[in-house]
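Student: You'll find work.txt just under this line, and it carries compact mmCIF, C-alpha atoms.
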```
# COMPACT_ATOMS: atom_id res chain seq x y z
CA THR A 1 0.00 0.00 0.00
CA GLY A 2 1.25 3.48 -0.89
CA LEU A 3 3.50 5.01 -3.55
CA TYR A 4 5.90 2.75 -5.47
CA VAL A 5 8.75 4.31 -7.50
CA GLU A 6 10.96 2.32 -9.87
CA SER A 7 13.94 3.59 -11.87
CA VAL A 8 15.41 1.56 -14.74
CA LYS A 9 18.18 2.46 -17.16
CA SER A 10 17.41 1.28 -20.70
CA ARG A 11 19.98 0.00 -23.19
CA SER A 12 19.86 3.32 -25.01
CA GLY A 13 21.00 5.10 -21.84
CA THR A 14 17.62 6.61 -21.04
CA ASP A 15 16.37 6.53 -17.45
CA VAL A 16 12.79 5.28 -17.11
CA ILE A 17 11.09 6.24 -13.84
CA THR A 18 7.61 4.94 -13.00
CA ARG A 19 5.45 6.15 -10.14
CA GLU A 20 2.33 4.22 -9.21
CA HIS A 21 0.13 3.83 -6.15
CA PHE A 22 -1.01 0.59 -4.58
CA ASN A 23 -3.80 -0.31 -2.18
CA ALA A 24 -3.91 -3.83 -0.73
CA GLY A 25 -1.60 -5.09 -3.48
CA LYS A 26 -3.59 -3.55 -6.33
CA ARG A 27 -2.77 -0.47 -8.40
CA GLU A 28 -5.02 2.39 -7.35
CA GLY A 29 -4.73 6.08 -8.25
CA PRO A 30 -2.34 8.11 -10.43
CA TYR A 31 0.27 6.46 -12.66
CA GLU A 32 3.18 8.20 -14.38
CA MET A 33 6.16 7.12 -16.46
CA VAL A 34 8.93 9.69 -16.94
CA LYS A 35 11.93 9.33 -19.24
CA PHE A 36 15.24 11.16 -19.00
CA ASP A 37 17.83 11.18 -21.80
CA HIS A 38 21.31 11.82 -20.38
CA GLU A 39 22.77 12.65 -23.81
CA THR A 40 20.38 15.47 -24.58
CA GLY A 41 19.29 16.34 -21.06
CA LYS A 42 15.67 15.99 -22.20
CA ARG A 43 13.06 14.91 -19.67
CA TRP A 44 9.48 14.08 -20.63
CA VAL A 45 6.34 12.34 -19.39
CA ALA A 46 6.05 9.24 -21.57
CA GLU A 47 2.80 7.92 -20.08
CA GLN A 48 0.26 9.28 -17.64
CA GLY A 49 -3.08 8.01 -16.35
CA GLN A 50 -4.72 6.33 -13.43
CA TYR A 51 -5.80 2.92 -12.14
CA THR A 52 -8.96 1.82 -10.40
CA ASN A 53 -8.99 -1.60 -8.74
CA ASP A 54 -5.83 -2.62 -10.70
CA LYS A 55 -7.35 -1.64 -14.08
CA PRO A 56 -6.56 1.45 -16.19
CA SER A 57 -9.40 3.98 -15.98
CA GLY A 58 -10.30 7.47 -17.12
CA LYS A 59 -8.13 9.59 -19.41
CA TRP A 60 -4.61 8.51 -20.44
CA LYS A 61 -1.79 10.13 -22.41
CA LYS A 62 1.27 8.64 -24.11
CA GLN A 63 4.16 10.53 -25.64
CA GLN A 64 6.19 8.63 -28.23
CA GLU A 65 9.19 9.81 -30.25
CA ASP A 66 7.11 11.90 -32.66
CA ALA A 67 3.53 11.15 -31.68
CA SER A 68 1.07 11.91 -28.89
CA LEU A 69 -1.71 9.49 -28.00
CA THR A 70 -4.79 10.32 -25.94
CA PHE A 71 -7.45 7.77 -25.00
CA SER A 72 -9.80 6.74 -22.21
CA TYR A 73 -10.90 3.60 -20.37
CA ASP A 74 -14.20 2.62 -18.82
CA ASP A 75 -14.55 1.16 -15.31
CA ASN A 76 -13.68 -2.33 -16.57
CA GLY A 77 -10.34 -1.29 -18.10
CA GLU A 78 -11.72 -1.34 -21.66
CA LEU A 79 -10.99 1.41 -24.18
CA HIS A 80 -13.99 3.74 -24.35
CA GLY A 81 -14.46 6.99 -26.24
CA GLU A 82 -12.03 8.71 -28.60
CA PHE A 83 -8.58 7.27 -29.32
CA ARG A 84 -6.42 9.92 -31.00
CA ASN A 85 -2.86 9.58 -32.27
CA GLU A 86 -1.14 12.56 -33.88
CA THR A 87 2.35 13.86 -34.59
CA SER A 88 3.95 16.72 -32.65
CA SER A 89 3.06 19.01 -35.56
CA GLY A 90 -0.63 18.04 -35.33
CA GLN A 91 -0.84 15.63 -38.29
CA LEU A 92 -3.57 13.08 -37.53
CA LEU A 93 -2.32 9.48 -37.58
CA GLU A 94 -5.23 7.59 -36.01
CA LEU A 95 -8.73 8.47 -34.91
CA ILE A 96 -10.89 5.66 -33.57
CA ASN A 97 -13.95 5.67 -31.35
CA PHE A 98 -14.41 2.80 -28.89
CA ASN A 99 -17.52 1.56 -27.15
CA HIS A 100 -16.51 -0.47 -24.08
CA GLY A 101 -13.57 -2.14 -25.80
CA ASN A 102 -14.94 -2.41 -29.34
CA PRO A 103 -14.26 0.03 -32.19
CA ASP A 104 -17.49 1.83 -33.00
CA GLY A 105 -18.01 4.44 -35.72
CA LEU A 106 -15.53 5.98 -38.15
CA VAL A 107 -11.93 4.70 -38.16
CA GLN A 108 -9.20 6.77 -39.83
CA ARG A 109 -5.48 5.97 -40.14
CA TYR A 110 -2.85 8.00 -42.01
CA ALA A 111 0.89 8.08 -42.62
CA ASN A 112 2.82 10.96 -41.08
CA ASN A 113 2.65 12.89 -44.37
CA GLY A 114 -1.16 12.62 -44.55
CA GLN A 115 -1.24 9.63 -46.94
CA LEU A 116 -4.31 7.51 -46.28
CA TYR A 117 -3.74 4.10 -44.68
CA GLU A 118 -7.33 2.97 -44.08
CA LYS A 119 -10.77 4.44 -43.56
CA GLY A 120 -14.14 2.94 -42.78
CA VAL A 121 -16.83 2.37 -40.17
CA TYR A 122 -17.29 -0.15 -37.39
CA ARG A 123 -20.76 -1.03 -36.14
CA ASN A 124 -21.16 -3.32 -33.13
CA GLY A 125 -17.45 -4.14 -33.29
CA GLN A 126 -17.52 -5.22 -36.95
CA GLN A 127 -16.50 -3.54 -40.20
CA ASP A 128 -19.62 -2.33 -41.97
CA GLY A 129 -20.36 -0.18 -45.02
CA ASP A 130 -17.80 1.33 -47.40
CA TRP A 131 -14.13 0.72 -46.64
CA ILE A 132 -10.67 1.52 -48.00
CA PHE A 133 -7.71 -0.42 -46.64
CA THR A 134 -4.17 -1.27 -47.68
CA ASP A 135 -3.19 -4.47 -49.45
CA GLY A 136 -0.56 -6.77 -47.96
CA GLU A 137 0.33 -4.57 -44.97
CA TYR A 138 -0.16 -5.93 -41.49
CA GLY A 139 0.09 -3.83 -38.36
CA PHE A 140 -0.31 -0.07 -38.72
CA ARG A 141 2.88 1.98 -39.05
CA PRO A 142 2.59 5.68 -39.99
CA ILE A 143 5.27 5.47 -42.68
CA PRO A 144 4.54 6.83 -46.19
CA ASN A 145 4.68 4.33 -49.04
CA PRO A 146 4.47 5.65 -52.64
CA GLU A 147 3.76 2.08 -53.85
CA ARG A 148 0.83 1.57 -51.46
CA ARG A 149 -2.14 -0.31 -52.93
CA TYR A 150 -5.71 -0.13 -51.64
CA TRP A 151 -8.81 -2.29 -51.64
CA TYR A 152 -12.10 -0.43 -52.14
CA GLY A 153 -15.41 -2.10 -51.34
CA ARG A 154 -18.15 -2.74 -48.84
CA PHE A 155 -18.56 -4.82 -45.69
CA ASP A 156 -21.81 -6.18 -44.30
CA GLN A 157 -21.47 -6.95 -40.58
CA GLY A 158 -17.83 -7.99 -40.91
CA LYS A 159 -18.11 -9.79 -44.28
CA GLN A 160 -16.79 -8.49 -47.59
CA VAL A 161 -19.73 -8.40 -50.01
CA GLY A 162 -20.33 -7.35 -53.60
CA HIS A 163 -17.79 -5.71 -55.90
CA TRP A 164 -14.26 -4.94 -54.65
CA GLU A 165 -11.36 -3.29 -56.47
CA LEU A 166 -7.65 -3.29 -55.75
CA ARG A 167 -6.13 -0.04 -57.03
CA SER A 168 -2.62 1.30 -57.30
CA SER A 169 -1.52 4.57 -55.72
CA GLU A 170 -2.11 6.10 -59.19
CA ASP A 171 -5.70 4.75 -59.04
CA TYR A 172 -5.23 2.04 -61.71
CA VAL A 173 -7.40 -1.06 -61.16
CA LEU A 174 -5.15 -4.09 -60.49
CA GLN A 175 -7.72 -6.66 -59.39
CA ILE A 176 -11.47 -7.05 -59.17
CA ALA A 177 -12.99 -9.40 -56.60
CA ASN A 178 -16.68 -10.27 -56.32
CA TYR A 179 -18.27 -11.72 -53.19
CA ASP A 180 -21.67 -13.16 -52.35
CA ASP A 181 -23.68 -11.98 -49.34
CA GLN A 182 -21.91 -14.50 -47.09
CA GLY A 183 -18.46 -13.09 -47.82
CA ARG A 184 -17.44 -15.87 -50.24
CA LEU A 185 -15.79 -15.28 -53.61
CA ASP A 186 -18.46 -15.66 -56.26
CA GLY A 187 -18.42 -15.20 -60.03
CA LYS A 188 -15.51 -13.85 -62.05
CA GLN A 189 -12.37 -12.54 -60.28
CA TYR A 190 -10.06 -10.43 -62.46
CA GLU A 191 -6.33 -9.69 -62.33
CA PHE A 192 -4.92 -7.00 -64.64
CA GLU A 193 -1.50 -6.26 -66.07
CA GLU A 194 0.07 -2.84 -65.58
CA HIS A 195 -1.37 -1.51 -68.84
CA GLY A 196 -4.91 -2.60 -68.07
CA TRP A 197 -5.03 -5.83 -70.02
CA ILE A 198 -6.76 -8.76 -68.32
CA GLU A 199 -4.07 -11.20 -67.15
CA VAL A 200 -6.13 -13.85 -65.33
CA ILE A 201 -9.82 -14.58 -64.76
CA ASN A 202 -10.69 -16.95 -61.92
CA ARG A 203 -14.23 -18.26 -61.61
CA TYR A 204 -15.84 -19.10 -58.27
CA ASN A 205 -19.21 -20.40 -57.20
CA HIS A 206 -20.03 -19.29 -53.64
CA GLY A 207 -16.48 -19.85 -52.43
CA GLN A 208 -15.67 -22.89 -54.57
CA PHE A 209 -13.02 -22.46 -57.26
CA LEU A 210 -14.25 -23.58 -60.68
CA ASN A 211 -11.64 -22.71 -63.30
CA GLN A 212 -9.13 -20.19 -64.56
CA GLU A 213 -8.79 -18.32 -67.84
CA THR A 214 -5.51 -16.75 -68.96
```
Kindly present the structure from the file in C-alpha cells form.

Tutor:
Amino acid sequence: TGLYVESVKSRSGTDVITREHFNAGKREGPYEMVKFDHETGKRWVAEQGQYTNDKPSGKWKKQQEDASLTFSYDDNGELHGEFRNETSSGQLLELINFNHGNPDGLVQRYANNGQLYEKGVYRNGQQDGDWIFTDGEYGFRPIPNPERRYWYGRFDQGKQVGHWELRSSEDYVLQIANYDDQGRLDGKQYEFEEHGWIEVINRYNHGQFLNQET
C-alpha cells in the first residue's frame, strides 16, 4: 500500500522512472512514467493516467518519439471513447472511437505525411459499409509508401460483399474481386497487367473455385 517508485536504465542510456500507487496489493490512483535522456538532457512524461482496482481507468496520455496518443478507459479497463494519435506538428495518424472495448463508428489511419492508410466504419465491433484499406500490410505503421495499394469495397457486418477493387496509388485497377452476401468469392475474379489488359480470370461459385482463364 502506498506510492511505489521504480527507476530503470534502458539499453539506449535513457532513465525510465515509473510512479504508481497501490492499495492492498492492487494499483489504485495516479500512474506516471517519466523518461530522461542523459545525452540530450531531455526529460518528458512518456505515459500518464490512473488505475482503479488494478485496471486502467479514465483519461490517459502517451508521448512517443514523434507522436502523442490520448485515449480513455471505462470502469472495466476497456478502451472507451475517442482514441487519438497525432504527430507533434498536429498531423492526424489515427482516430478511432471505442464503445466499451470495441471500435465503433468511423476509423481513420494515415501516414505521417497525410497519406491515407485505411478508412471505414465499425458497427457493433464489426466492419460495416464502405471501406478503404491497404493491401498486404499488417500492423499499422505511420510510414509513407508511394507504392501503397488499396482495396475499395463494402462490408456487411464484418463480411466483404459485392464488388471490390484493388487499385494502385495512381488509381489504376489491379484486381477485381466479387463476393456473395456471405463473404465468399463468387463469379468472375479479375487480375490485370500494368497496362490494363486482363491477365487472369478466376471463376468461383459461392467460395468454390471452378476454373481459370488466362

Student: Distance atom CA of Ile198 of chain A-atom CA of Trp164 of chain A, one decimal place?

Tutor: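 Separation of atom CA of Ile198 of chain A and atom CA of Trp164 of chain A: 16.1 Å.
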
Student: Which distance in Å separates atom CA of Asn178 of chain A and atom CA of Leu210 of chain A, to one decimal?

Tutor: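 Atom CA of Leu210 of chain A lies at a distance of 14.2 Å from atom CA of Asn178 of chain A.
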
Student: For atom CA of Leu92 of chain A and atom CA of Gln108 of chain A, quote the distance in Å rounded to one decimal.

Tutor: 8.8 Å

Student: Choose the residue, out of A:Ala67, A:Ile96, A:Leu185, A:Val34, that has the smallest atom-to-atom separation from Gly81 of chain A; count only C-alpha atoms.

Tutor: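 Closest to Gly81 of chain A, using only C-alpha atoms: A:Ile96.
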
Student: I need every residue sitting at most 10 Å from the point (-8.7, -10.4, -62.4) (coordinates as in the file, all atoms listed in the file considered), written as a PyMOL selection string.

Tutor: chain A and resi 165-166+173-177+188-193+197-203+213-214

Student: Can I get the selection written as a PDB file, in the frame of the given file, with C-alpha atoms?

Tutor:
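Done, and the output landed in part.pdb:
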```pdb
ATOM      1  CA  GLU A 165     -11.360  -3.290 -56.470  1.00  0.00           C
ATOM      2  CA  LEU A 166      -7.650  -3.290 -55.750  1.00  0.00           C
ATOM      3  CA  VAL A 173      -7.400  -1.060 -61.160  1.00  0.00           C
ATOM      4  CA  LEU A 174      -5.150  -4.090 -60.490  1.00  0.00           C
ATOM      5  CA  GLN A 175      -7.720  -6.660 -59.390  1.00  0.00           C
ATOM      6  CA  ILE A 176     -11.470  -7.050 -59.170  1.00  0.00           C
ATOM      7  CA  ALA A 177     -12.990  -9.400 -56.600  1.00  0.00           C
ATOM      8  CA  LYS A 188     -15.510 -13.850 -62.050  1.00  0.00           C
ATOM      9  CA  GLN A 189     -12.370 -12.540 -60.280  1.00  0.00           C
ATOM     10  CA  TYR A 190     -10.060 -10.430 -62.460  1.00  0.00           C
ATOM     11  CA  GLU A 191      -6.330  -9.690 -62.330  1.00  0.00           C
ATOM     12  CA  PHE A 192      -4.920  -7.000 -64.640  1.00  0.00           C
ATOM     13  CA  GLU A 193      -1.500  -6.260 -66.070  1.00  0.00           C
ATOM     14  CA  TRP A 197      -5.030  -5.830 -70.020  1.00  0.00           C
ATOM     15  CA  ILE A 198      -6.760  -8.760 -68.320  1.00  0.00           C
ATOM     16  CA  GLU A 199      -4.070 -11.200 -67.150  1.00  0.00           C
ATOM     17  CA  VAL A 200      -6.130 -13.850 -65.330  1.00  0.00           C
ATOM     18  CA  ILE A 201      -9.820 -14.580 -64.760  1.00  0.00           C
ATOM     19  CA  ASN A 202     -10.690 -16.950 -61.920  1.00  0.00           C
ATOM     20  CA  ARG A 203     -14.230 -18.260 -61.610  1.00  0.00           C
ATOM     21  CA  GLU A 213      -8.790 -18.320 -67.840  1.00  0.00           C
ATOM     22  CA  THR A 214      -5.510 -16.750 -68.960  1.00  0.00           C
TER      23      THR A 214
END
```
